[in-house]
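Structure data follow from entry-v2.tsv (TSV, C-alpha atoms):
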chain	number	residue	atom	x	y	z
A	450	MET	CA	-59.70	17.02	-177.61
A	451	VAL	CA	-59.03	18.88	-180.83
A	452	ILE	CA	-56.28	21.44	-180.35
A	453	THR	CA	-54.94	24.04	-182.75
A	454	ARG	CA	-51.33	25.20	-182.24
A	455	PRO	CA	-50.05	27.64	-184.83
A	456	ASN	CA	-46.42	28.57	-184.22
A	457	HIS	CA	-45.50	31.12	-186.85
A	458	ASP	CA	-44.43	33.97	-184.58
A	459	ILE	CA	-43.17	34.50	-181.03
A	460	THR	CA	-46.62	34.73	-179.48
A	461	THR	CA	-48.12	31.70	-181.19
A	462	ASN	CA	-44.90	29.75	-180.59
A	463	TYR	CA	-45.23	30.41	-176.87
A	464	LEU	CA	-48.87	29.31	-176.89
A	465	SER	CA	-47.89	26.20	-178.84
A	466	PHE	CA	-45.16	25.19	-176.39
A	467	TRP	CA	-47.31	25.84	-173.33
A	468	SER	CA	-50.21	23.93	-174.85
A	469	GLN	CA	-47.96	20.87	-174.99
A	470	LEU	CA	-48.47	20.61	-171.22
A	471	VAL	CA	-52.20	20.21	-171.80
A	472	ILE	CA	-51.56	17.57	-174.46
A	473	ASP	CA	-49.21	15.75	-172.08
A	474	TYR	CA	-51.96	15.73	-169.46
A	475	ALA	CA	-54.50	14.38	-171.94
A	476	ASP	CA	-52.03	11.69	-173.04
A	477	LYS	CA	-51.46	10.62	-169.43
A	478	ARG	CA	-55.21	10.14	-169.08
A	479	SER	CA	-55.34	8.24	-172.36
A	480	LEU	CA	-57.66	10.83	-173.87
A	481	ARG	CA	-57.77	11.05	-177.65
A	482	VAL	CA	-56.03	14.17	-178.94
A	483	ILE	CA	-56.08	15.55	-182.47
A	484	ASP	CA	-53.18	17.98	-182.55
A	485	LEU	CA	-53.31	20.53	-185.39
A	486	CYS	CA	-49.83	21.90	-184.84
A	487	GLY	CA	-47.95	24.32	-187.07
A	488	SER	CA	-48.73	23.73	-190.75
A	489	ARG	CA	-51.72	21.53	-189.81
A	490	ALA	CA	-53.49	24.50	-188.21
A	491	THR	CA	-55.31	25.42	-191.42
A	492	ARG	CA	-58.98	26.01	-192.05
A	493	LYS	CA	-59.23	23.02	-194.37
A	494	GLU	CA	-57.78	20.61	-191.81
A	495	PHE	CA	-59.70	22.20	-188.95
A	496	GLU	CA	-63.07	21.92	-190.65
A	497	SER	CA	-62.28	18.41	-191.84
A	498	VAL	CA	-61.36	17.25	-188.35
A	499	LEU	CA	-64.45	18.81	-186.79
A	500	ARG	CA	-66.72	17.22	-189.39
A	501	LYS	CA	-65.25	13.82	-188.65
A	502	ARG	CA	-64.68	14.34	-184.93
A	503	GLY	CA	-66.94	11.50	-183.91
A	504	GLY	CA	-67.36	12.38	-180.27
A	505	GLN	CA	-64.48	14.81	-179.79
A	506	ALA	CA	-66.31	17.27	-177.66
A	507	PHE	CA	-63.58	19.67	-176.49
A	508	ILE	CA	-61.97	22.15	-178.86
A	509	PHE	CA	-58.93	24.09	-177.60
A	510	LEU	CA	-57.97	26.91	-179.91
A	511	ASN	CA	-54.71	28.79	-179.72
A	512	GLY	CA	-53.83	31.67	-181.99
A	513	HIS	CA	-54.45	35.25	-182.90
A	514	GLY	CA	-57.98	36.46	-183.03
A	515	SER	CA	-60.46	39.24	-182.95
A	516	ALA	CA	-64.02	39.66	-181.79
A	517	GLU	CA	-65.30	37.77	-184.81
A	518	LYS	CA	-62.64	35.20	-185.60
A	519	VAL	CA	-59.86	32.92	-184.48
A	520	ALA	CA	-56.88	32.23	-186.70
A	521	GLY	CA	-54.43	29.42	-187.24
A	522	GLN	CA	-51.07	29.11	-188.92
A	523	ASN	CA	-49.88	32.31	-190.62
A	524	ASP	CA	-53.06	33.96	-189.38
A	525	GLU	CA	-55.31	32.00	-191.73
A	526	VAL	CA	-58.85	32.33	-190.35
A	527	LEU	CA	-60.07	29.04	-188.92
A	528	VAL	CA	-63.49	30.07	-187.73
A	529	GLU	CA	-65.46	33.28	-188.06
A	530	VAL	CA	-68.84	34.85	-187.46
A	531	ARG	CA	-71.13	34.68	-190.47
A	532	GLY	CA	-68.77	32.11	-191.97
A	533	ASN	CA	-68.51	28.74	-190.28
A	534	ASP	CA	-69.49	29.68	-186.70
A	535	ASP	CA	-71.83	26.67	-186.61
A	536	VAL	CA	-68.81	24.38	-186.68
A	537	PHE	CA	-68.80	24.23	-182.86
A	538	PHE	CA	-72.25	22.65	-182.62
A	539	GLY	CA	-72.35	20.23	-179.69
A	540	THR	CA	-68.87	21.11	-178.43
A	541	VAL	CA	-67.16	22.87	-175.57
A	542	VAL	CA	-64.67	25.43	-176.82
A	543	TYR	CA	-61.82	27.21	-175.12
A	544	ALA	CA	-60.26	29.89	-177.29
A	545	ARG	CA	-56.94	31.19	-175.99
A	546	SER	CA	-57.13	34.03	-178.43
A	547	CYS	CA	-57.83	37.73	-178.31
A	548	SER	CA	-61.38	39.02	-178.07
A	549	SER	CA	-63.24	36.11	-179.68
A	550	ALA	CA	-65.60	35.74	-176.72
A	551	ALA	CA	-66.96	39.19	-177.57
A	552	ALA	CA	-68.75	38.11	-180.74
A	553	LEU	CA	-67.71	34.68	-182.05
A	554	GLY	CA	-68.36	33.12	-178.64
A	555	PRO	CA	-71.97	34.28	-178.27
A	556	LYS	CA	-72.70	33.46	-181.91
A	557	SER	CA	-71.25	29.97	-181.52
A	558	VAL	CA	-73.40	29.31	-178.46
A	559	ALA	CA	-76.46	30.65	-180.29
A	560	LYS	CA	-75.68	28.17	-183.04
A	561	GLY	CA	-75.37	25.20	-180.76
A	562	ALA	CA	-71.99	25.22	-179.02
A	563	ILE	CA	-72.52	23.86	-175.51
A	564	ALA	CA	-70.10	26.38	-173.99
A	565	TYR	CA	-67.47	28.83	-175.14
A	566	LEU	CA	-64.69	30.01	-172.86
A	567	GLY	CA	-62.43	32.82	-173.96
A	568	TYR	CA	-61.62	36.49	-173.67
A	569	THR	CA	-63.66	39.57	-174.54
A	570	ASP	CA	-60.57	41.68	-175.17
A	571	ASP	CA	-56.87	41.19	-175.90
A	572	PHE	CA	-55.14	38.34	-174.09
A	573	VAL	CA	-51.76	39.64	-172.93
A	574	PHE	CA	-48.70	38.01	-171.44
A	575	PHE	CA	-45.09	38.77	-170.67
A	576	ILE	CA	-42.05	37.12	-172.21
A	577	GLU	CA	-38.49	37.05	-170.85
A	578	ASP	CA	-36.06	38.04	-173.60
A	579	GLU	CA	-33.60	35.28	-172.72
A	580	CYS	CA	-36.28	32.57	-172.82
A	581	MET	CA	-37.69	33.28	-176.28
A	582	THR	CA	-36.19	30.12	-177.70
A	583	ARG	CA	-37.14	28.09	-174.60
A	584	PRO	CA	-40.70	29.15	-173.78
A	585	LEU	CA	-41.27	26.49	-171.13
A	586	LYS	CA	-38.39	27.89	-169.07
A	587	ASP	CA	-40.00	31.32	-169.00
A	588	LYS	CA	-41.10	31.90	-165.39
A	589	THR	CA	-42.79	35.18	-166.22
A	590	ALA	CA	-44.83	33.76	-169.07
A	591	ARG	CA	-45.75	30.91	-166.72
A	592	LEU	CA	-47.65	33.34	-164.49
A	593	PHE	CA	-49.97	34.09	-167.43
A	594	LEU	CA	-50.06	30.82	-169.35
A	595	GLU	CA	-50.29	28.30	-166.52
A	596	PRO	CA	-53.66	29.68	-165.33
A	597	SER	CA	-54.98	29.66	-168.86
A	598	ASN	CA	-53.77	26.06	-169.32
A	599	GLN	CA	-55.78	25.36	-166.19
A	600	VAL	CA	-59.01	26.02	-168.12
A	601	ALA	CA	-58.28	23.15	-170.48
A	602	ILE	CA	-56.82	20.83	-167.86
A	603	ALA	CA	-59.77	21.33	-165.52
A	604	ILE	CA	-62.21	20.54	-168.35
A	605	LEU	CA	-60.25	17.40	-169.21
A	606	LYS	CA	-60.29	16.44	-165.53
A	607	GLY	CA	-64.07	16.45	-165.61
A	608	HIS	CA	-64.85	19.77	-164.00
A	609	SER	CA	-67.79	21.72	-165.34
A	610	VAL	CA	-66.88	24.59	-167.65
A	611	GLY	CA	-67.99	27.07	-164.99
A	612	GLU	CA	-65.70	25.42	-162.44
A	613	ALA	CA	-62.82	25.33	-164.92
A	614	ASN	CA	-63.26	29.04	-165.58
A	615	ASP	CA	-63.29	29.81	-161.85
A	616	LEU	CA	-60.28	27.62	-161.09
A	617	SER	CA	-58.29	29.40	-163.77
A	618	LYS	CA	-59.31	32.88	-162.67
A	619	ASN	CA	-58.66	32.08	-159.02
A	620	MET	CA	-55.15	30.94	-159.89
A	621	THR	CA	-54.43	34.32	-161.46
A	622	LYS	CA	-56.08	36.19	-158.60
A	623	HIS	CA	-53.86	34.33	-156.16
A	624	THR	CA	-50.81	35.37	-158.19
A	625	ILE	CA	-51.99	38.98	-158.16
A	626	GLN	CA	-52.43	38.90	-154.39
A	627	THR	CA	-48.95	37.47	-153.95
A	628	LEU	CA	-47.48	40.19	-156.16
A	629	MET	CA	-49.23	42.84	-154.06
A	630	THR	CA	-47.52	41.82	-150.84
A	631	SER	CA	-44.50	43.52	-149.36
A	632	GLU	CA	-42.30	40.48	-149.96
A	633	THR	CA	-42.48	40.65	-153.74
A	634	PRO	CA	-39.71	42.53	-155.58
A	635	LYS	CA	-41.08	45.84	-156.79
A	636	GLU	CA	-40.30	45.10	-160.43
A	637	GLU	CA	-42.63	42.11	-160.42
A	638	LYS	CA	-45.65	44.11	-159.28
A	639	GLU	CA	-45.60	45.71	-162.74
A	640	LEU	CA	-47.22	42.50	-164.00
A	641	ILE	CA	-50.38	43.06	-161.96
A	642	PRO	CA	-52.32	45.34	-164.38
A	643	TYR	CA	-51.81	42.83	-167.18
A	644	LEU	CA	-52.70	39.74	-165.14
A	645	ARG	CA	-55.80	41.57	-163.96
A	646	TRP	CA	-56.71	42.51	-167.54
A	647	ASN	CA	-56.85	38.85	-168.57
A	648	VAL	CA	-58.93	37.91	-165.51
A	649	ILE	CA	-61.56	40.59	-165.98
A	650	HIS	CA	-62.00	39.71	-169.64
A	651	GLN	CA	-62.07	35.93	-169.23
A	652	VAL	CA	-65.61	34.61	-169.62
A	653	CYS	CA	-67.53	31.37	-169.83
A	654	LEU	CA	-70.55	31.50	-172.13
A	655	GLY	CA	-73.30	28.89	-172.51
A	656	ASP	CA	-74.08	26.01	-170.17
A	657	GLN	CA	-71.96	26.62	-167.05
A	658	GLY	CA	-72.63	23.14	-165.77
A	659	ALA	CA	-71.51	21.33	-168.92
A	660	ARG	CA	-68.72	18.82	-168.52
A	661	LEU	CA	-67.05	16.25	-170.76
A	662	THR	CA	-68.48	12.79	-170.47
B	863	MET	CA	-61.04	55.27	-174.29
B	864	ARG	CA	-62.18	58.82	-173.62
B	865	ASP	CA	-65.15	57.39	-171.74
B	866	MET	CA	-62.75	56.04	-169.14
B	867	TYR	CA	-61.98	59.43	-167.63
B	868	ASN	CA	-63.39	62.93	-167.15
B	869	LYS	CA	-62.03	64.98	-170.06
B	870	LYS	CA	-62.95	68.20	-168.29
B	871	LYS	CA	-60.46	67.45	-165.53
B	872	VAL	CA	-57.77	65.44	-167.33
B	873	THR	CA	-56.41	65.84	-170.85
B	874	ASP	CA	-55.35	63.11	-173.24
B	875	GLU	CA	-51.78	64.37	-172.97
B	876	GLU	CA	-51.84	64.10	-169.19
B	877	ILE	CA	-53.01	60.50	-169.50
B	878	ARG	CA	-50.17	59.72	-171.91
B	879	GLN	CA	-47.62	61.34	-169.60
B	880	LEU	CA	-48.95	59.30	-166.68
B	881	VAL	CA	-48.75	56.00	-168.54
B	882	VAL	CA	-45.28	56.81	-169.90
B	883	ALA	CA	-44.09	57.59	-166.37
B	884	ARG	CA	-45.55	54.29	-165.16
B	885	LEU	CA	-43.97	52.38	-168.05
B	886	ARG	CA	-40.52	53.52	-166.92
B	887	SER	CA	-40.87	50.90	-164.16
B	888	PHE	CA	-41.59	48.22	-166.77
B	889	PRO	CA	-39.46	45.17	-166.01
B	890	SER	CA	-36.12	45.05	-167.78
B	891	GLY	CA	-35.33	42.08	-169.99
B	892	LYS	CA	-38.98	41.41	-170.73
B	893	LYS	CA	-41.45	42.07	-173.53
B	894	ILE	CA	-45.20	42.03	-173.56
B	895	SER	CA	-47.27	40.16	-176.12
B	896	ILE	CA	-50.43	42.05	-176.97
B	897	GLY	CA	-52.79	40.11	-179.15
B	898	SER	CA	-52.01	40.05	-182.83
B	899	ASP	CA	-49.93	43.17	-182.65
B	900	GLY	CA	-46.72	41.48	-181.60
B	901	GLU	CA	-44.27	41.73	-178.71
B	902	PHE	CA	-43.03	45.02	-177.29
B	903	SER	CA	-40.24	46.15	-175.01
B	904	LYS	CA	-40.47	49.05	-172.58
B	905	GLU	CA	-38.97	51.49	-175.05
B	906	GLU	CA	-41.31	50.37	-177.82
B	907	LEU	CA	-44.35	50.71	-175.57
B	908	ILE	CA	-43.34	54.21	-174.47
B	909	ASP	CA	-42.95	55.13	-178.13
B	910	ARG	CA	-46.37	53.68	-179.00
B	911	VAL	CA	-48.11	55.44	-176.12
B	912	SER	CA	-46.48	58.73	-177.06
B	913	LYS	CA	-47.62	58.27	-180.67
B	914	ASN	CA	-51.17	57.48	-179.60
B	915	ASP	CA	-51.42	54.39	-181.81
B	916	PRO	CA	-53.71	51.35	-181.20
B	917	VAL	CA	-51.09	49.44	-179.17
B	918	GLY	CA	-50.37	52.56	-177.12
B	919	ASN	CA	-54.06	53.10	-176.52
B	920	LYS	CA	-54.46	49.51	-175.41
B	921	ILE	CA	-51.70	49.94	-172.81
B	922	ILE	CA	-53.37	53.14	-171.62
B	923	GLN	CA	-56.66	51.25	-171.31
B	924	ILE	CA	-55.06	48.46	-169.29
B	925	GLN	CA	-53.29	50.89	-166.96
B	926	LEU	CA	-56.31	53.14	-166.41
B	927	SER	CA	-58.56	50.18	-165.73
B	928	TYR	CA	-56.07	48.97	-163.13
B	929	LEU	CA	-55.72	52.37	-161.44
B	930	GLN	CA	-59.49	52.73	-161.26
B	931	SER	CA	-59.86	49.32	-159.66
B	932	PHE	CA	-58.53	50.63	-156.33
B	933	LYS	CA	-61.57	52.81	-155.92
B	934	GLU	CA	-64.01	50.83	-153.77
B	935	GLY	CA	-61.37	48.12	-153.42
B	936	LEU	CA	-62.39	46.35	-156.64
B	937	ILE	CA	-58.91	44.94	-157.12
B	938	PHE	CA	-59.56	42.64	-154.16
B	939	GLU	CA	-62.93	41.45	-155.36
B	940	GLU	CA	-62.50	40.83	-159.08
C	1459	MET	CA	-67.52	62.50	-148.96
C	1460	THR	CA	-64.86	65.05	-149.88
C	1461	LEU	CA	-62.09	64.25	-152.34
C	1462	LYS	CA	-59.64	64.19	-149.46
C	1463	GLU	CA	-61.73	61.65	-147.58
C	1464	ARG	CA	-62.06	59.53	-150.69
C	1465	PHE	CA	-58.30	59.70	-151.17
C	1466	TYR	CA	-57.65	58.39	-147.67
C	1467	LYS	CA	-60.23	55.64	-148.16
C	1468	VAL	CA	-58.38	54.41	-151.24
C	1469	TYR	CA	-54.90	54.98	-149.81
C	1470	ASN	CA	-55.57	53.18	-146.54
C	1471	ASN	CA	-56.63	50.10	-148.45
C	1472	LEU	CA	-53.68	50.17	-150.83
C	1473	PRO	CA	-51.17	47.32	-150.50
C	1474	LEU	CA	-47.82	48.57	-149.20
C	1475	ASN	CA	-46.01	47.28	-152.28
C	1476	LEU	CA	-48.07	49.55	-154.51
C	1477	ARG	CA	-47.78	52.85	-152.70
C	1478	GLU	CA	-44.72	53.97	-154.66
C	1479	GLU	CA	-46.50	53.71	-158.01
C	1480	VAL	CA	-46.89	56.84	-160.09
C	1481	ILE	CA	-50.50	58.01	-160.18
C	1482	VAL	CA	-50.30	61.43	-161.79
C	1483	VAL	CA	-47.75	63.65	-163.58
C	1484	LEU	CA	-47.80	67.39	-162.90
C	1485	SER	CA	-45.42	69.82	-164.62
C	1486	ASN	CA	-43.44	66.80	-165.84
C	1487	GLU	CA	-42.98	65.57	-162.28
C	1488	PRO	CA	-44.27	62.03	-161.55
C	1489	ILE	CA	-46.19	61.84	-158.30
C	1490	THR	CA	-46.68	58.59	-156.41
C	1491	TRP	CA	-49.38	57.63	-153.91
C	1492	LYS	CA	-46.93	58.36	-151.06
C	1493	VAL	CA	-45.98	61.78	-152.39
C	1494	ALA	CA	-49.65	62.59	-152.95
C	1495	LYS	CA	-50.42	61.63	-149.35
C	1496	LEU	CA	-47.68	63.95	-148.06
C	1497	GLU	CA	-49.32	66.85	-149.87
C	1498	VAL	CA	-52.86	65.84	-148.93
C	1499	ASP	CA	-51.88	65.49	-145.25
C	1500	GLN	CA	-50.70	69.13	-145.31
C	1501	ASP	CA	-53.62	70.46	-147.35
C	1502	THR	CA	-51.29	72.14	-149.83
C	1503	GLU	CA	-52.42	73.88	-153.01
C	1504	LEU	CA	-50.73	71.07	-154.93
C	1505	SER	CA	-52.86	68.55	-153.07
C	1506	ARG	CA	-55.98	70.22	-154.39
C	1507	ILE	CA	-54.71	69.84	-157.94
C	1508	ILE	CA	-53.68	66.25	-157.32
C	1509	LEU	CA	-57.07	65.33	-155.90
C	1510	GLU	CA	-58.88	66.92	-158.84
C	1511	LYS	CA	-56.72	64.98	-161.28
C	1512	LEU	CA	-57.21	61.70	-159.44
C	1513	ASP	CA	-60.94	62.31	-159.43
C	1514	GLY	CA	-60.83	63.07	-163.14
C	1515	LEU	CA	-58.99	59.80	-163.72
C	1516	GLY	CA	-61.73	57.91	-161.90
C	1517	MET	CA	-59.42	56.79	-159.14
C	1518	LEU	CA	-61.31	58.26	-156.16

Output the file's structure in the form of structure tokens.
Amino acid sequence: MVITRPNHDITTNYLSFWSQLVIDYADKRSLRVIDLCGSRATRKEFESVLRKRGGQAFIFLNGHGSAEKVAGQNDEVLVEVRGNDDVFFGTVVYARSCSSAAALGPKSVAKGAIAYLGYTDDFVFFIEDECMTRPLKDKTARLFLEPSNQVAIAILKGHSVGEANDLSKNMTKHTIQTLMTSETPKEEKELIPYLRWNVIHQVCLGDQGARLT
Amino acid sequence: MRDMYNKKKVTDEEIRQLVVARLRSFPSGKKISIGSDGEFSKEELIDRVSKNDPVGNKIIQIQLSYLQSFKEGLIFEE
Amino acid sequence: MTLKERFYKVYNNLPLNLREEVIVVLSNEPITWKVAKLEVDQDTELSRIILEKLDGLGML
């Protein structure tokens, strides 16, 4: 697995911390991980690692993005349409980044990516003010980031990309259903529109049956 | 965003008022991260919605989409 | 189906925890699903306005 983990602002720092759980899982399974964390999440390093990946077939991107690009540290563009979108040839990609599945995803698949999982609009999540310096203690952020971690973990476990996508979405749907019941404090139901937003914009493009070998 | 509702029956201002009213129930002590735009508290979101800026419009989109999902029970099937 | 019938169809299927959510604002007054139902049950003039607004919002 190649993973990018910029951490230059609150949002990317949260993604970086929560991604550590995926790295920990990969480590437990003795899977090779190339961790482009913080200042290593640059285009130069990213392209270099992908050129030399030698069998690394799963790319997990974290960071800000748009329909046509995904960024790394300090919002430096790592990959973009009409730039280096062929860099994912032969790989499975999960981009935990806003909107990139709207344009970069389809283009990447057209240029040889096996599959591209991501979001066709903004990826949103809540943060508890008192947990900003301890993201992994944030129980509200967990409701959003644990299901998205599930995409990567399920792929590493050997599920097909289609299954990984479904497992992740079902986790969020289950949370939504719990929040809709009468036993949930009313304040927490305010999360539902935002959880739902991520689910309806989460997609899996390319070969649904692909899995890591 | 204007395609999301019937502008003959509902004005943009009415939509903003609705979303602002709904945001008043936004959880205390929390912020929302919206893409590359940053993290926003309840008060900041209300301000953005009232000013009709891109972040405000995104919140309106999210809320309208959610409200519309109850028609035909979509919220249970998505 | 009339707007009133469509309202009941949506309302009846609405989780209990969500029935106190604001769904429309009229004359600066927030109106929840429950308040809307009270008006709709009584066929008030306000209910006609509420139903038109909900329809315009794509909620019915």

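The interatomic distance for the pair CA of Arg645 in chain A and CA of Gly935 in chain B works out to 13.6 Å.
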
Please measure the separation of CA of Tyr928 in chain B and CA of Val1482 in chain C, giving the value in Å to one decimal.
->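 A separation of 13.8 Å between them.
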
Go through C:Ile1489, C:Leu1512, C:Leu1484, C:Val1498 one by one, measure the shortest atom-to-atom distance of each to Tyr1466 in chain C using all atoms listed in the file, and give the residue with the smallest value.
->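 The shortest atom-to-atom distance to Tyr1466 in chain C comes from C:Val1498.
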
Check every residue of chain A for an atom within 8 Å of chain C, counting all atoms listed in the file, and provide those that qualify as a PyMOL selection string.
-> chain A and resi 629-631+633+635+638

Who sits within 9 Å of Ser597 in chain A, all atoms listed in the file, same chain under 3 positions skipped, as a PDB file with C-alpha atoms, in the frame of the given file:
ATOM      1  CA  ARG A 545     -56.940  31.190-175.990  1.00  0.00           C
ATOM      2  CA  PHE A 593     -49.970  34.090-167.430  1.00  0.00           C
ATOM      3  CA  LEU A 594     -50.060  30.820-169.350  1.00  0.00           C
ATOM      4  CA  VAL A 600     -59.010  26.020-168.120  1.00  0.00           C
ATOM      5  CA  ALA A 601     -58.280  23.150-170.480  1.00  0.00           C
ATOM      6  CA  ASN A 614     -63.260  29.040-165.580  1.00  0.00           C
ATOM      7  CA  SER A 617     -58.290  29.400-163.770  1.00  0.00           C
ATOM      8  CA  LYS A 618     -59.310  32.880-162.670  1.00  0.00           C
ATOM      9  CA  THR A 621     -54.430  34.320-161.460  1.00  0.00           C
TER      10      THR A 621
END

Pick out the residues sitting within 12 Å of Leu585 in chain A, and hand them over as a PDB file with C-alpha atoms, in the frame of the given file; count all atoms listed in the file, and ignore anything fewer than 5 positions along from it in its own chain.
ATOM      1  CA  ASN A 462     -44.900  29.750-180.590  1.00  0.00           C
ATOM      2  CA  TYR A 463     -45.230  30.410-176.870  1.00  0.00           C
ATOM      3  CA  LEU A 464     -48.870  29.310-176.890  1.00  0.00           C
ATOM      4  CA  SER A 465     -47.890  26.200-178.840  1.00  0.00           C
ATOM      5  CA  PHE A 466     -45.160  25.190-176.390  1.00  0.00           C
ATOM      6  CA  TRP A 467     -47.310  25.840-173.330  1.00  0.00           C
ATOM      7  CA  SER A 468     -50.210  23.930-174.850  1.00  0.00           C
ATOM      8  CA  GLN A 469     -47.960  20.870-174.990  1.00  0.00           C
ATOM      9  CA  LEU A 470     -48.470  20.610-171.220  1.00  0.00           C
ATOM     10  CA  ILE A 576     -42.050  37.120-172.210  1.00  0.00           C
ATOM     11  CA  GLU A 577     -38.490  37.050-170.850  1.00  0.00           C
ATOM     12  CA  GLU A 579     -33.600  35.280-172.720  1.00  0.00           C
ATOM     13  CA  CYS A 580     -36.280  32.570-172.820  1.00  0.00           C
ATOM     14  CA  ALA A 590     -44.830  33.760-169.070  1.00  0.00           C
ATOM     15  CA  ARG A 591     -45.750  30.910-166.720  1.00  0.00           C
ATOM     16  CA  LEU A 592     -47.650  33.340-164.490  1.00  0.00           C
ATOM     17  CA  LEU A 594     -50.060  30.820-169.350  1.00  0.00           C
ATOM     18  CA  GLU A 595     -50.290  28.300-166.520  1.00  0.00           C
TER      19      GLU A 595
END

Of the residues B:Val911, B:Val917, B:Leu880, B:Ile894, which is the one nearest to Leu1515 in chain C, using only C-alpha atoms?
->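 Counting only C-alpha atoms, the residue closest to Leu1515 in chain C is B:Leu880.
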
Every residue with an atom at most 10 Å from (-54.4, 54.2, -150.8) (file coordinates; only C-alpha atoms) is what I'm after, so could you write them as a PDB file with C-alpha atoms, in the frame of the given file?
ATOM      1  CA  PHE B 932     -58.530  50.630-156.330  1.00  0.00           C
ATOM      2  CA  LYS B 933     -61.570  52.810-155.920  1.00  0.00           C
ATOM      3  CA  GLY B 935     -61.370  48.120-153.420  1.00  0.00           C
TER       4      GLY B 935
ATOM      5  CA  ARG C1464     -62.060  59.530-150.690  1.00  0.00           C
ATOM      6  CA  PHE C1465     -58.300  59.700-151.170  1.00  0.00           C
ATOM      7  CA  TYR C1466     -57.650  58.390-147.670  1.00  0.00           C
ATOM      8  CA  LYS C1467     -60.230  55.640-148.160  1.00  0.00           C
ATOM      9  CA  VAL C1468     -58.380  54.410-151.240  1.00  0.00           C
ATOM     10  CA  TYR C1469     -54.900  54.980-149.810  1.00  0.00           C
ATOM     11  CA  ASN C1470     -55.570  53.180-146.540  1.00  0.00           C
ATOM     12  CA  ASN C1471     -56.630  50.100-148.450  1.00  0.00           C
ATOM     13  CA  LEU C1472     -53.680  50.170-150.830  1.00  0.00           C
ATOM     14  CA  PRO C1473     -51.170  47.320-150.500  1.00  0.00           C
ATOM     15  CA  LEU C1474     -47.820  48.570-149.200  1.00  0.00           C
ATOM     16  CA  LEU C1476     -48.070  49.550-154.510  1.00  0.00           C
ATOM     17  CA  ARG C1477     -47.780  52.850-152.700  1.00  0.00           C
ATOM     18  CA  TRP C1491     -49.380  57.630-153.910  1.00  0.00           C
ATOM     19  CA  LYS C1492     -46.930  58.360-151.060  1.00  0.00           C
ATOM     20  CA  ALA C1494     -49.650  62.590-152.950  1.00  0.00           C
ATOM     21  CA  LYS C1495     -50.420  61.630-149.350  1.00  0.00           C
ATOM     22  CA  LEU C1518     -61.310  58.260-156.160  1.00  0.00           C
TER      23      LEU C1518
END

Check: which chain B residues lie within 10 Å of chain A using all atoms listed in the file, as a VMD selection string = chain B and resid 884 to 885 887 to 903 920 to 921 923 to 929 931 937 to 940

What is the distance, in Å and to one decimal place, between CA of Leu1461 in chain C and CA of Val1493 in chain C?
->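 Interatomic distance, CA of Leu1461 in chain C to CA of Val1493 in chain C: 16.3 Å.
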